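**Q** So here's input.txt (compact mmCIF, C-alpha atoms).
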```txt
# COMPACT_ATOMS: atom_id res chain seq x y z
CA MET A 3 47.81 20.93 8.24
CA GLU A 4 45.40 18.07 8.65
CA LYS A 5 42.69 18.85 11.17
CA LYS A 6 41.92 16.38 13.92
CA ILE A 7 38.67 15.86 15.74
CA THR A 8 37.77 13.26 18.34
CA VAL A 9 34.57 11.45 19.30
CA ALA A 10 34.56 13.54 22.49
CA ASP A 11 34.71 16.77 20.43
CA VAL A 12 31.69 15.75 18.33
CA ALA A 13 29.78 14.59 21.41
CA ALA A 14 30.42 17.88 23.22
CA ALA A 15 29.67 20.09 20.20
CA LEU A 16 26.36 18.39 19.38
CA ASP A 17 25.25 17.68 22.93
CA LEU A 18 25.28 13.91 22.49
CA LYS A 19 24.98 11.48 25.38
CA VAL A 20 27.82 9.03 25.95
CA LEU A 21 25.97 5.75 26.53
CA SER A 22 28.97 3.41 26.77
CA GLY A 23 32.60 2.89 25.81
CA GLU A 24 33.91 6.10 27.48
CA LYS A 25 37.52 5.02 27.22
CA GLY A 26 37.32 5.34 23.43
CA LEU A 27 36.28 9.00 23.44
CA ASP A 28 39.69 10.10 22.15
CA ARG A 29 39.25 8.08 18.92
CA MET A 30 39.59 10.19 15.77
CA VAL A 31 36.56 10.91 13.58
CA THR A 32 37.34 11.04 9.85
CA GLY A 33 33.78 11.13 8.48
CA GLY A 34 30.28 9.83 8.89
CA TYR A 35 28.16 6.92 7.69
CA VAL A 36 24.40 6.44 7.93
CA SER A 37 22.74 3.05 7.56
CA ASP A 38 20.43 0.66 9.35
CA LEU A 39 21.48 -2.24 7.13
CA LEU A 40 24.38 -4.09 8.64
CA SER A 41 25.54 -5.62 5.37
CA ASP A 42 25.72 -2.14 3.86
CA VAL A 43 27.94 -0.86 6.67
CA MET A 44 30.01 -4.02 6.43
CA GLY A 45 30.52 -3.44 2.73
CA HIS A 46 30.91 0.31 2.46
CA ALA A 47 31.79 2.11 5.70
CA ASP A 48 35.37 3.27 6.22
CA ALA A 49 37.61 3.20 9.28
CA GLY A 50 37.26 6.26 11.49
CA GLN A 51 33.68 7.05 10.52
CA LEU A 52 30.96 7.91 13.00
CA TRP A 53 28.07 5.53 12.30
CA MET A 54 24.51 6.77 12.72
CA THR A 55 21.85 4.08 13.07
CA LEU A 56 18.83 3.00 15.05
CA GLN A 57 20.02 -0.59 15.34
CA THR A 58 20.78 -1.48 18.93
CA HIS A 59 21.62 -5.18 18.95
CA LYS A 60 25.03 -6.64 19.58
CA ASN A 61 25.90 -7.15 15.91
CA VAL A 62 26.42 -3.41 15.49
CA MET A 63 29.41 -3.61 17.83
CA ALA A 64 30.88 -6.52 15.91
CA ILE A 65 30.72 -4.45 12.75
CA ALA A 66 32.05 -1.27 14.39
CA SER A 67 34.96 -3.27 15.68
CA LEU A 68 35.67 -5.07 12.40
CA LYS A 69 35.50 -1.88 10.37
CA ASP A 70 37.36 0.11 13.04
CA LEU A 71 34.65 2.79 13.12
CA ALA A 72 35.20 5.76 15.45
CA ALA A 73 31.92 5.38 17.32
CA ILE A 74 28.24 4.51 16.96
CA LEU A 75 25.59 7.20 17.29
CA LEU A 76 22.13 5.86 18.12
CA VAL A 77 19.39 8.11 16.80
CA ASN A 78 15.85 8.82 17.95
CA GLY A 79 16.50 8.12 21.64
CA ASN A 80 17.46 4.50 21.12
CA GLN A 81 19.46 2.78 23.85
CA PRO A 82 22.00 0.02 23.28
CA GLU A 83 20.98 -3.44 24.43
CA GLU A 84 22.84 -4.62 27.52
CA ASP A 85 25.31 -6.89 25.78
CA THR A 86 25.86 -4.25 23.08
CA ALA A 87 26.89 -1.71 25.76
CA ARG A 88 29.09 -4.30 27.47
CA GLN A 89 30.89 -5.02 24.22
CA SER A 90 31.31 -1.29 23.61
CA ASP A 91 32.98 -0.89 27.03
CA LEU A 92 35.15 -3.90 26.37
CA GLU A 93 36.35 -2.74 22.97
CA GLY A 94 36.57 0.95 23.85
CA ILE A 95 34.37 1.97 20.92
CA PRO A 96 31.89 4.52 22.24
CA ILE A 97 28.14 4.42 21.71
CA LEU A 98 26.65 7.90 21.68
CA GLY A 99 22.99 8.81 21.76
CA SER A 100 20.74 11.56 20.43
CA SER A 101 17.03 12.13 20.80
CA LEU A 102 16.91 13.49 17.24
CA GLU A 103 15.87 11.54 14.12
CA ALA A 104 18.58 10.31 11.74
CA PHE A 105 18.05 13.08 9.18
CA GLU A 106 18.43 15.93 11.65
CA ILE A 107 21.35 14.63 13.69
CA THR A 108 23.13 13.59 10.50
CA GLY A 109 22.66 17.11 9.17
CA LYS A 110 24.26 18.49 12.33
CA VAL A 111 27.15 16.02 12.31
CA TYR A 112 27.78 16.81 8.65
CA GLU A 113 27.84 20.55 9.31
CA HIS A 114 30.15 20.12 12.26
CA LEU A 115 32.63 17.97 10.32
CA LYS A 116 32.48 20.40 7.41
CA LYS A 117 33.12 23.38 9.68
CA ASN A 118 36.17 21.61 11.02
CA ALA A 119 37.36 20.74 7.54
CA ILE A 120 37.13 17.00 8.18
CA ILE A 121 34.94 16.68 5.10
CA GLN A 122 34.76 18.92 2.06
CA ARG A 123 31.65 20.70 0.70
CA MET B 9 11.14 23.02 -1.22
CA LYS B 10 10.31 21.74 -4.68
CA ILE B 11 11.43 18.25 -5.73
CA ARG B 12 13.23 19.93 -8.62
CA GLN B 13 15.52 21.80 -6.20
CA ILE B 14 16.16 18.64 -4.19
CA ALA B 15 17.19 16.82 -7.35
CA GLU B 16 19.54 19.69 -8.24
CA ILE B 17 21.18 19.80 -4.81
CA LEU B 18 21.79 16.06 -4.95
CA ASP B 19 22.73 16.04 -8.62
CA ALA B 20 20.18 13.22 -8.74
CA ARG B 21 18.72 11.27 -11.63
CA VAL B 22 14.94 11.32 -11.91
CA LEU B 23 13.96 7.70 -12.51
CA CYS B 24 10.23 8.34 -12.58
CA GLY B 25 7.76 11.13 -11.93
CA SER B 26 9.58 13.82 -13.91
CA ASP B 27 6.18 15.49 -14.45
CA LYS B 28 5.90 16.05 -10.69
CA MET B 29 9.07 18.07 -10.12
CA ASP B 30 7.10 21.07 -8.89
CA TYR B 31 5.61 19.18 -5.94
CA SER B 32 6.60 20.62 -2.60
CA ILE B 33 8.33 18.67 0.13
CA GLU B 34 7.95 19.86 3.71
CA VAL B 35 10.16 17.50 5.68
CA ALA B 36 12.68 14.70 5.21
CA PHE B 37 13.16 11.40 6.95
CA ALA B 38 16.15 9.09 6.62
CA SER B 39 15.87 5.41 7.45
CA ASP B 40 16.49 1.94 6.11
CA LEU B 41 13.86 0.41 8.36
CA MET B 42 10.44 0.47 6.81
CA SER B 43 8.60 -0.06 10.12
CA ASP B 44 10.29 3.12 11.27
CA VAL B 45 9.01 4.97 8.21
CA LEU B 46 5.53 3.55 8.81
CA THR B 47 5.35 5.32 12.19
CA LEU B 48 5.37 8.77 10.52
CA LYS B 49 2.27 10.90 10.83
CA ASN B 50 3.49 13.71 8.55
CA ASP B 51 2.37 14.38 5.01
CA HIS B 52 4.62 15.54 2.14
CA VAL B 53 7.61 13.61 3.44
CA LEU B 54 10.80 13.01 1.48
CA LEU B 55 12.17 9.55 2.23
CA ILE B 56 15.94 9.17 1.99
CA THR B 57 17.02 5.55 2.11
CA GLY B 58 19.65 3.01 1.19
CA LEU B 59 17.11 0.18 1.14
CA ALA B 60 16.23 -0.53 -2.45
CA ASN B 61 13.56 -3.18 -2.92
CA THR B 62 9.86 -3.28 -3.74
CA GLN B 63 9.01 -2.90 -0.06
CA THR B 64 10.58 0.55 -0.04
CA ILE B 65 8.05 1.65 -2.66
CA ARG B 66 5.21 -0.23 -0.93
CA THR B 67 6.05 1.58 2.29
CA ALA B 68 5.99 4.92 0.49
CA GLU B 69 2.60 3.96 -0.94
CA MET B 70 1.12 3.09 2.47
CA SER B 71 2.60 6.20 4.10
CA ASP B 72 1.53 8.61 1.34
CA ILE B 73 5.16 9.53 0.67
CA GLN B 74 5.52 11.38 -2.64
CA CYS B 75 9.24 11.22 -3.21
CA VAL B 76 11.93 8.65 -2.47
CA VAL B 77 15.66 9.30 -2.79
CA PHE B 78 17.88 6.26 -3.18
CA ALA B 79 21.38 7.13 -2.03
CA ARG B 80 24.68 5.69 -3.20
CA ASN B 81 23.36 4.75 -6.64
CA LYS B 82 21.33 1.86 -5.31
CA ILE B 83 19.93 -0.23 -8.13
CA VAL B 84 16.25 0.46 -8.73
CA THR B 85 14.48 -2.28 -10.66
CA GLU B 86 11.78 -1.87 -13.32
CA ASP B 87 9.30 -3.58 -10.93
CA MET B 88 9.97 -0.90 -8.34
CA LEU B 89 9.55 1.88 -10.89
CA GLU B 90 6.29 0.39 -12.18
CA LEU B 91 4.92 0.31 -8.65
CA ALA B 92 6.11 3.89 -8.10
CA ARG B 93 4.39 5.06 -11.32
CA GLN B 94 1.12 3.38 -10.32
CA ASN B 95 1.22 5.27 -7.05
CA GLU B 96 2.51 8.55 -8.48
CA ILE B 97 5.69 8.46 -6.43
CA VAL B 98 8.75 10.37 -7.67
CA VAL B 99 11.93 8.27 -7.54
CA LEU B 100 15.33 9.96 -7.41
CA GLN B 101 18.68 8.23 -7.44
CA CYS B 102 21.89 9.96 -6.37
CA ARG B 103 25.49 8.88 -6.10
CA TYR B 104 26.13 10.42 -2.69
CA SER B 105 26.17 8.41 0.52
CA LEU B 106 23.20 8.63 2.85
CA PHE B 107 25.42 10.70 5.14
CA ARG B 108 26.20 13.30 2.50
CA THR B 109 22.65 13.29 1.12
CA CYS B 110 21.27 14.15 4.57
CA GLY B 111 24.04 16.68 5.15
CA LEU B 112 23.44 18.52 1.90
CA LEU B 113 19.66 18.65 2.25
CA TYR B 114 19.78 19.65 5.92
CA GLY B 115 22.29 22.35 5.02
CA ALA B 116 19.94 23.57 2.28
CA GLY B 117 17.16 24.03 4.82
CA VAL B 118 15.05 20.88 4.47
CA LYS B 119 13.38 20.33 7.85
CA PRO B 120 13.22 17.12 9.89
CA VAL B 121 9.89 15.51 10.83
CA PHE B 122 8.13 16.43 14.15
CA MET C 15 -17.72 4.47 -8.95
CA LYS C 16 -18.29 3.35 -5.40
CA PRO C 17 -18.04 -0.32 -4.44
CA GLU C 18 -21.22 -1.73 -2.93
CA LEU C 19 -21.27 -2.47 0.77
CA PRO C 20 -20.94 -4.79 2.55
CA LEU C 21 -17.79 -5.86 0.74
CA HIS C 22 -15.77 -9.02 1.23
CA LEU C 23 -12.24 -9.54 -0.15
CA GLU C 24 -9.78 -12.40 0.20
CA PHE C 25 -6.07 -12.52 -0.55
CA ASN C 26 -3.55 -15.32 -0.36
CA ILE C 27 -0.23 -14.41 1.22
CA GLU C 28 2.83 -16.44 0.40
CA GLY C 29 5.35 -16.93 3.20
CA GLY C 30 8.84 -15.77 2.27
CA ASN C 31 7.78 -13.91 -0.88
CA PHE C 32 8.79 -10.33 -0.19
CA THR C 33 8.20 -9.21 -3.76
CA ARG C 34 4.45 -9.54 -3.34
CA ALA C 35 4.18 -8.32 0.26
CA GLY C 36 1.91 -5.31 0.33
CA PHE C 37 -0.28 -6.32 -2.60
CA ALA C 38 -3.34 -6.97 -0.42
CA SER C 39 -2.90 -3.74 1.53
CA SER C 40 -2.57 -1.86 -1.72
CA GLU C 41 -5.93 -3.26 -2.86
CA ILE C 42 -7.48 -2.24 0.46
CA LYS C 43 -6.16 1.27 -0.03
CA LYS C 44 -7.77 1.51 -3.47
CA VAL C 45 -11.16 0.39 -2.16
CA LEU C 46 -11.09 2.78 0.80
CA LYS C 47 -10.21 5.65 -1.52
CA GLN C 48 -13.18 4.77 -3.73
CA LEU C 49 -15.36 4.84 -0.62
CA ASP C 50 -14.11 8.37 0.17
CA VAL C 51 -12.76 7.37 3.55
CA ASP C 52 -10.75 10.11 5.26
CA MET C 53 -7.04 10.01 4.22
CA ALA C 54 -5.80 9.78 7.81
CA ILE C 55 -8.01 6.75 8.47
CA ILE C 56 -6.88 5.12 5.21
CA LYS C 57 -3.27 5.59 6.24
CA ARG C 58 -3.84 4.05 9.68
CA THR C 59 -5.70 1.12 8.12
CA VAL C 60 -3.16 0.31 5.45
CA VAL C 61 -0.13 0.78 7.71
CA ALA C 62 -1.66 -1.74 10.12
CA SER C 63 -2.65 -4.20 7.38
CA TYR C 64 0.70 -3.85 5.62
CA GLU C 65 2.69 -4.55 8.79
CA ALA C 66 0.46 -7.58 9.40
CA GLU C 67 0.95 -8.74 5.82
CA VAL C 68 4.72 -8.40 6.15
CA ASN C 69 4.57 -10.40 9.39
CA VAL C 70 2.94 -13.31 7.55
CA VAL C 71 5.54 -13.11 4.76
CA ALA C 72 8.39 -12.88 7.27
CA HIS C 73 7.31 -15.57 9.70
CA ALA C 74 4.65 -17.92 8.30
CA TYR C 75 4.52 -20.52 5.52
CA SER C 76 1.30 -19.21 4.06
CA GLY C 77 -1.72 -17.21 5.03
CA THR C 78 -4.99 -15.65 4.00
CA MET C 79 -6.24 -12.13 4.52
CA TYR C 80 -10.00 -11.77 4.89
CA VAL C 81 -11.29 -8.21 4.57
CA ASP C 82 -14.83 -7.20 5.48
CA ILE C 83 -16.09 -3.68 5.05
CA ASP C 84 -19.55 -2.59 6.08
CA GLY C 85 -20.89 0.94 6.38
CA GLN C 86 -19.14 1.54 9.70
CA THR C 87 -16.01 -0.54 10.06
CA ILE C 88 -13.30 -2.48 8.30
CA ARG C 89 -12.27 -5.81 9.74
CA ILE C 90 -9.04 -7.37 8.48
CA ALA C 91 -8.31 -10.93 9.60
CA LEU C 92 -4.99 -12.56 8.79
CA VAL C 93 -4.92 -16.27 9.38
CA ASP C 94 -1.63 -18.03 8.82
CA GLU C 95 -0.07 -21.44 8.97
CA GLY C 96 3.26 -21.03 10.63
CA PRO C 97 5.34 -21.44 13.76
CA GLY C 98 2.97 -19.37 15.91
CA ILE C 99 3.98 -16.96 18.67
CA PRO C 100 5.11 -18.61 21.94
CA ASP C 101 4.95 -15.43 24.03
CA ILE C 102 2.44 -12.86 22.76
CA GLU C 103 3.20 -10.39 25.55
CA ALA C 104 6.87 -10.33 24.57
CA ALA C 105 6.00 -10.09 20.87
CA MET C 106 3.95 -6.97 21.55
CA ARG C 107 6.92 -5.26 23.19
CA GLU C 108 8.69 -2.67 21.07
CA GLY C 109 12.13 -3.90 20.02
CA PHE C 110 11.35 -7.59 20.58
CA SER C 111 12.06 -9.55 17.43
CA THR C 112 12.62 -13.11 16.29
CA ALA C 113 13.14 -12.07 12.66
CA SER C 114 15.97 -13.59 10.66
CA VAL C 115 18.97 -11.59 9.50
CA SER C 116 17.61 -11.65 5.95
CA VAL C 117 14.28 -10.16 7.06
CA ARG C 118 16.18 -7.42 8.89
CA GLU C 119 18.11 -6.68 5.73
CA MET C 120 14.75 -6.33 3.94
CA GLY C 121 14.00 -3.35 6.17
CA PHE C 122 11.76 -5.11 8.65
CA GLY C 123 12.17 -7.24 11.75
CA ALA C 124 13.22 -4.54 14.20
CA GLY C 125 10.44 -5.43 16.61
CA MET C 126 8.19 -2.56 15.57
CA GLY C 127 5.55 -4.37 13.52
CA LEU C 128 3.03 -5.48 16.14
CA PRO C 129 3.37 -2.27 18.21
CA ASN C 130 2.84 -0.33 14.96
CA ILE C 131 -0.33 -2.32 14.21
CA LYS C 132 -1.63 -1.73 17.72
CA LYS C 133 -1.00 2.03 17.50
CA ASN C 134 -2.91 2.34 14.24
CA ALA C 135 -5.83 -0.04 14.75
CA ASP C 136 -8.87 0.75 16.85
CA GLN C 137 -8.72 -2.83 17.98
CA LEU C 138 -6.17 -5.61 17.61
CA ASP C 139 -6.94 -9.20 18.54
CA LEU C 140 -4.12 -11.69 18.44
CA SER C 141 -4.26 -15.41 19.06
CA SER C 142 -1.69 -18.03 18.29
CA GLU C 143 -0.97 -21.70 18.64
CA VAL C 144 2.67 -22.73 18.62
CA GLY C 145 3.42 -25.07 15.73
CA LYS C 146 0.14 -24.29 13.98
CA GLY C 147 -0.28 -20.62 13.25
CA THR C 148 -1.39 -17.15 14.19
CA GLN C 149 -4.56 -15.16 13.77
CA VAL C 150 -4.46 -11.37 13.74
CA VAL C 151 -7.67 -9.36 13.59
CA ILE C 152 -7.49 -5.62 12.98
CA THR C 153 -10.60 -3.47 13.29
CA LEU C 154 -11.04 0.21 12.50
CA GLY C 155 -14.00 2.54 12.32
CA LEU C 156 -14.21 4.13 8.88
CA GLY C 157 -15.94 7.33 9.93
CA LEU C 158 -18.39 7.11 7.03
CA LYS C 159 -21.67 8.98 7.19
```
Here is a file; write its structure as structure tokens.
**A**
Amino acid sequence: MEKKITVADVAAALDLKVLSGEKGLDRMVTGGYVSDLLSDVMGHADAGQLWMTLQTHKNVMAIASLKDLAAILLVNGNQPEEDTARQSDLEGIPILGSSLEAFEITGKVYEHLKKNAIIQR
Amino acid sequence: MKIRQIAEILDARVLCGSDKMDYSIEVAFASDLMSDVLTLKNDHVLLITGLANTQTIRTAEMSDIQCVVFARNKIVTEDMLELARQNEIVVLQCRYSLFRTCGLLYGAGVKPVF
Amino acid sequence: MKPELPLHLEFNIEGGNFTRAGFASSEIKKVLKQLDVDMAIIKRTVVASYEAEVNVVAHAYSGTMYVDIDGQTIRIALVDEGPGIPDIEAAMREGFSTASVSVREMGFGAGMGLPNIKKNADQLDLSSEVGKGTQVVITLGLGLK
């Protein structure tokens, strides 16, 4: 049986803050993607992925929406800019936050998804 | 952890610095923003990045970073390698995404900075 | 062999040419190593000068870096011809950026450059004239005996 895990599950398990877009917390997470280069995410991220970045400007929401990503996870204590948060609320794509650096929080997200058989190895 | 072990975990290609595989790495940092990398105070840092241009190597040079991992088979040019050789920086290239690269190394016990 | 002090160096910086950005800072690093400056001070110096160099490449049309090293300090002055900075206070704020999308995709332009320079330099002096250019002066003590 295919396992299912939501943005809310990941947020709760890894003690992440929900910074905006609460109504999208039931979106399914199918994997993760790490990049601070918007063109890279545009070109290579897949629908349903949780995107870890330190970029906070509004363009990240445009990309999350276009690529149908599960949620954005801002690393290193970054906060979304005001219009980024507004767009996140509007589209129902959550922005989560962690005080940890990208490497560490990515490691934890990876382990969590692996434990729940969302990703292999 | 030795660079050799990191290369094995990532099934990475060693593009330059194969004589320095016994160097030890203490911590890893993942970012595509070089200004972010330039804020690091740590020594013996492994930089994991998807940004592949000469500025990635320049940043490693200024920050005394000894090893750079380019994820997702990013193309590394001869200019970049020449600069890396001049500064004795080991360059690894792996086919995994940045996400998986971080996941595998974190799982293997590589520590974050701070 | 140790370079003789005082030492003066000059480098041209080409606006828009990201391939060469960092060349001047790299030369500074070599000289400071030859002078046996403490590694931590070298790192602070070259991180500051490199960010300043990238700023000229990212924002200006052209510029010159003047480096002066005496027995005590290094003074790095970057004088550019470019659009200038209309609001220096805003530019110093972390996260504030006017960088183009292409500069952001080069790994810079996230509004961290000037704050980074300030954190690493002992002193940072910034003056600018809109439509003409910007002058950045970075000073650090070298801790030499």
**Q** Would you give me, as an mmCIF file with C-alpha atoms, keeping the file's coordinate frame, the residues of chain B that come within 9 Å of chain A, using all atoms listed in the file?
**A**
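Here's the written file out15.cif:
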```cif
data_model
loop_
_atom_site.group_PDB
_atom_site.id
_atom_site.type_symbol
_atom_site.label_atom_id
_atom_site.label_comp_id
_atom_site.auth_asym_id
_atom_site.auth_seq_id
_atom_site.Cartn_x
_atom_site.Cartn_y
_atom_site.Cartn_z
ATOM 1 C CA ALA B 36 12.680 14.700 5.210
ATOM 2 C CA PHE B 37 13.160 11.400 6.950
ATOM 3 C CA ALA B 38 16.150 9.090 6.620
ATOM 4 C CA SER B 39 15.870 5.410 7.450
ATOM 5 C CA ASP B 40 16.490 1.940 6.110
ATOM 6 C CA LEU B 41 13.860 0.410 8.360
ATOM 7 C CA ILE B 56 15.940 9.170 1.990
ATOM 8 C CA THR B 57 17.020 5.550 2.110
ATOM 9 C CA GLY B 58 19.650 3.010 1.190
ATOM 10 C CA LEU B 59 17.110 0.180 1.140
ATOM 11 C CA SER B 105 26.170 8.410 0.520
ATOM 12 C CA LEU B 106 23.200 8.630 2.850
ATOM 13 C CA PHE B 107 25.420 10.700 5.140
ATOM 14 C CA ARG B 108 26.200 13.300 2.500
ATOM 15 C CA THR B 109 22.650 13.290 1.120
ATOM 16 C CA CYS B 110 21.270 14.150 4.570
ATOM 17 C CA GLY B 111 24.040 16.680 5.150
ATOM 18 C CA LEU B 112 23.440 18.520 1.900
ATOM 19 C CA LEU B 113 19.660 18.650 2.250
ATOM 20 C CA TYR B 114 19.780 19.650 5.920
ATOM 21 C CA GLY B 115 22.290 22.350 5.020
ATOM 22 C CA LYS B 119 13.380 20.330 7.850
ATOM 23 C CA PRO B 120 13.220 17.120 9.890
ATOM 24 C CA VAL B 121 9.890 15.510 10.830
#
```
**Q** So, counting all atoms listed in the file, which residue among C:Pro17, C:Pro129, C:Gly36, C:Pro97 is closest to chain B?
**A**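 So, comparing all the options, the nearest one is C:Gly36.
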**Q** If you count only C-alpha atoms, which residues fall within 12 Å of Gly85 (chain C), apart from same-chain ones fewer than 5 positions away, as a PyMOL selection string?
**A** chain C and resi 17-21+46+49-51+154-159
**Q** Can I get the selected residues back with C-alpha atoms, as a PDB file, in the coordinates of the input?
**A**
```
ATOM      1  CA  PRO C  17     -18.040  -0.320  -4.440  1.00  0.00           C
ATOM      2  CA  GLU C  18     -21.220  -1.730  -2.930  1.00  0.00           C
ATOM      3  CA  LEU C  19     -21.270  -2.470   0.770  1.00  0.00           C
ATOM      4  CA  PRO C  20     -20.940  -4.790   2.550  1.00  0.00           C
ATOM      5  CA  LEU C  21     -17.790  -5.860   0.740  1.00  0.00           C
ATOM      6  CA  LEU C  46     -11.090   2.780   0.800  1.00  0.00           C
ATOM      7  CA  LEU C  49     -15.360   4.840  -0.620  1.00  0.00           C
ATOM      8  CA  ASP C  50     -14.110   8.370   0.170  1.00  0.00           C
ATOM      9  CA  VAL C  51     -12.760   7.370   3.550  1.00  0.00           C
ATOM     10  CA  LEU C 154     -11.040   0.210  12.500  1.00  0.00           C
ATOM     11  CA  GLY C 155     -14.000   2.540  12.320  1.00  0.00           C
ATOM     12  CA  LEU C 156     -14.210   4.130   8.880  1.00  0.00           C
ATOM     13  CA  GLY C 157     -15.940   7.330   9.930  1.00  0.00           C
ATOM     14  CA  LEU C 158     -18.390   7.110   7.030  1.00  0.00           C
ATOM     15  CA  LYS C 159     -21.670   8.980   7.190  1.00  0.00           C
TER      16      LYS C 159
END
```
**Q** Rank B:Gly117, B:Lys10, B:Ala20, B:Gly25 by their smallest atom-to-atom distance to Val77 (chain B), using all atoms listed in the file, and report the top residue only.
**A**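 Smallest separation from Val77 (chain B) among the options: B:Ala20.
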**Q** Enumerate, in order of chain and increasing residue number, the residues of chain C with an atom no farther than 10 Å from chain A, each with its shortest atom pair and distance in Å to one decimal, counting only C-alpha atoms, as JSON lines.
**A**
```
{"residue": "C:Gly109", "atom": "CA", "partner": "A:Thr58", "partner_atom": "CA", "distance": 9.0}
{"residue": "C:Val115", "atom": "CA", "partner": "A:Leu40", "partner_atom": "CA", "distance": 9.3}
{"residue": "C:Ser116", "atom": "CA", "partner": "A:Ser41", "partner_atom": "CA", "distance": 10.0}
{"residue": "C:Arg118", "atom": "CA", "partner": "A:Leu39", "partner_atom": "CA", "distance": 7.6}
{"residue": "C:Glu119", "atom": "CA", "partner": "A:Leu39", "partner_atom": "CA", "distance": 5.7}
{"residue": "C:Met120", "atom": "CA", "partner": "A:Leu39", "partner_atom": "CA", "distance": 8.5}
{"residue": "C:Gly121", "atom": "CA", "partner": "A:Leu39", "partner_atom": "CA", "distance": 7.6}
{"residue": "C:Ala124", "atom": "CA", "partner": "A:Gln57", "partner_atom": "CA", "distance": 7.9}
```
**Q** When you get a sec, could you note down which chain C residues fall within 10 Å of chain B, using all atoms listed in the file, as a ChimeraX atom specification?
**A** /C:32-37,39-40,43,53-54,56-65,68,118-131,133-134
**Q** Rounded to one decimal in Å, what is the spacing between CA of Gln89 (chain A) and CA of Gly23 (chain A)?
**A**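 These atoms are spaced 8.2 Å apart.
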**Q** Neighbouring residues of Leu23 (chain C) were defined as those with any atom within 9 Å, considering all atoms listed in the file; residues of the same chain fewer than 2 positions away were excluded. Please report them as a list in words.
**A**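 Counting all atoms listed in the file, the residues come to Leu21, Phe25, Ile42, Met79, Tyr80, Val81, Asp82 and Ile83 of chain C.
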**Q** So that I can check the surroundings of Ile73 (chain B), please list as a PyMOL selection string every protein, DNA and RNA residue that reaches within 7 Å of it, counting all atoms listed in the file and ignoring chain neighbours fewer than 3 positions away.
**A** chain B and resi 52-54+68-69
**Q** Could you check how far CA of Ile88 (chain C) sits from CA of Leu140 (chain C), in Å to one decimal?
**A**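 So the answer is 16.5 Å.
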**Q** Give me, please, the distance in Å between CA of Gly30 (chain C) and CA of Tyr75 (chain C), quoted to one decimal.
**A**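 Separation between CA of Gly30 (chain C) and CA of Tyr75 (chain C): 7.2 Å.
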**Q** For Glu96 (chain B), find every residue with an atom within 9 Å (counting all atoms listed in the file), except residues of its own chain fewer than 4 positions away, and show them as a compact mmCIF listing (two decimals) with C-alpha atoms, in the frame of the given file.
**A**
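Wrote out.txt, looks like this:
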```txt
# COMPACT_ATOMS: atom_id res chain seq x y z
CA CYS B 24 10.23 8.34 -12.58
CA GLY B 25 7.76 11.13 -11.93
CA LYS B 28 5.90 16.05 -10.69
CA GLU B 69 2.60 3.96 -0.94
CA GLN B 74 5.52 11.38 -2.64
CA CYS B 75 9.24 11.22 -3.21
CA LEU B 91 4.92 0.31 -8.65
CA ALA B 92 6.11 3.89 -8.10
```
**Q** Give me the box for region 64-80 of chain B as lines of an AutoDock Vina configuration file, namely the centre and edge lengths in Å to one decimal of a box along x, y and z that holds every listed atom plus 8 Å on each side.
**A**
```
center_x = 12.9
center_y = 5.6
center_z = 0.4
size_x = 39.6
size_y = 27.6
size_z = 23.3
```
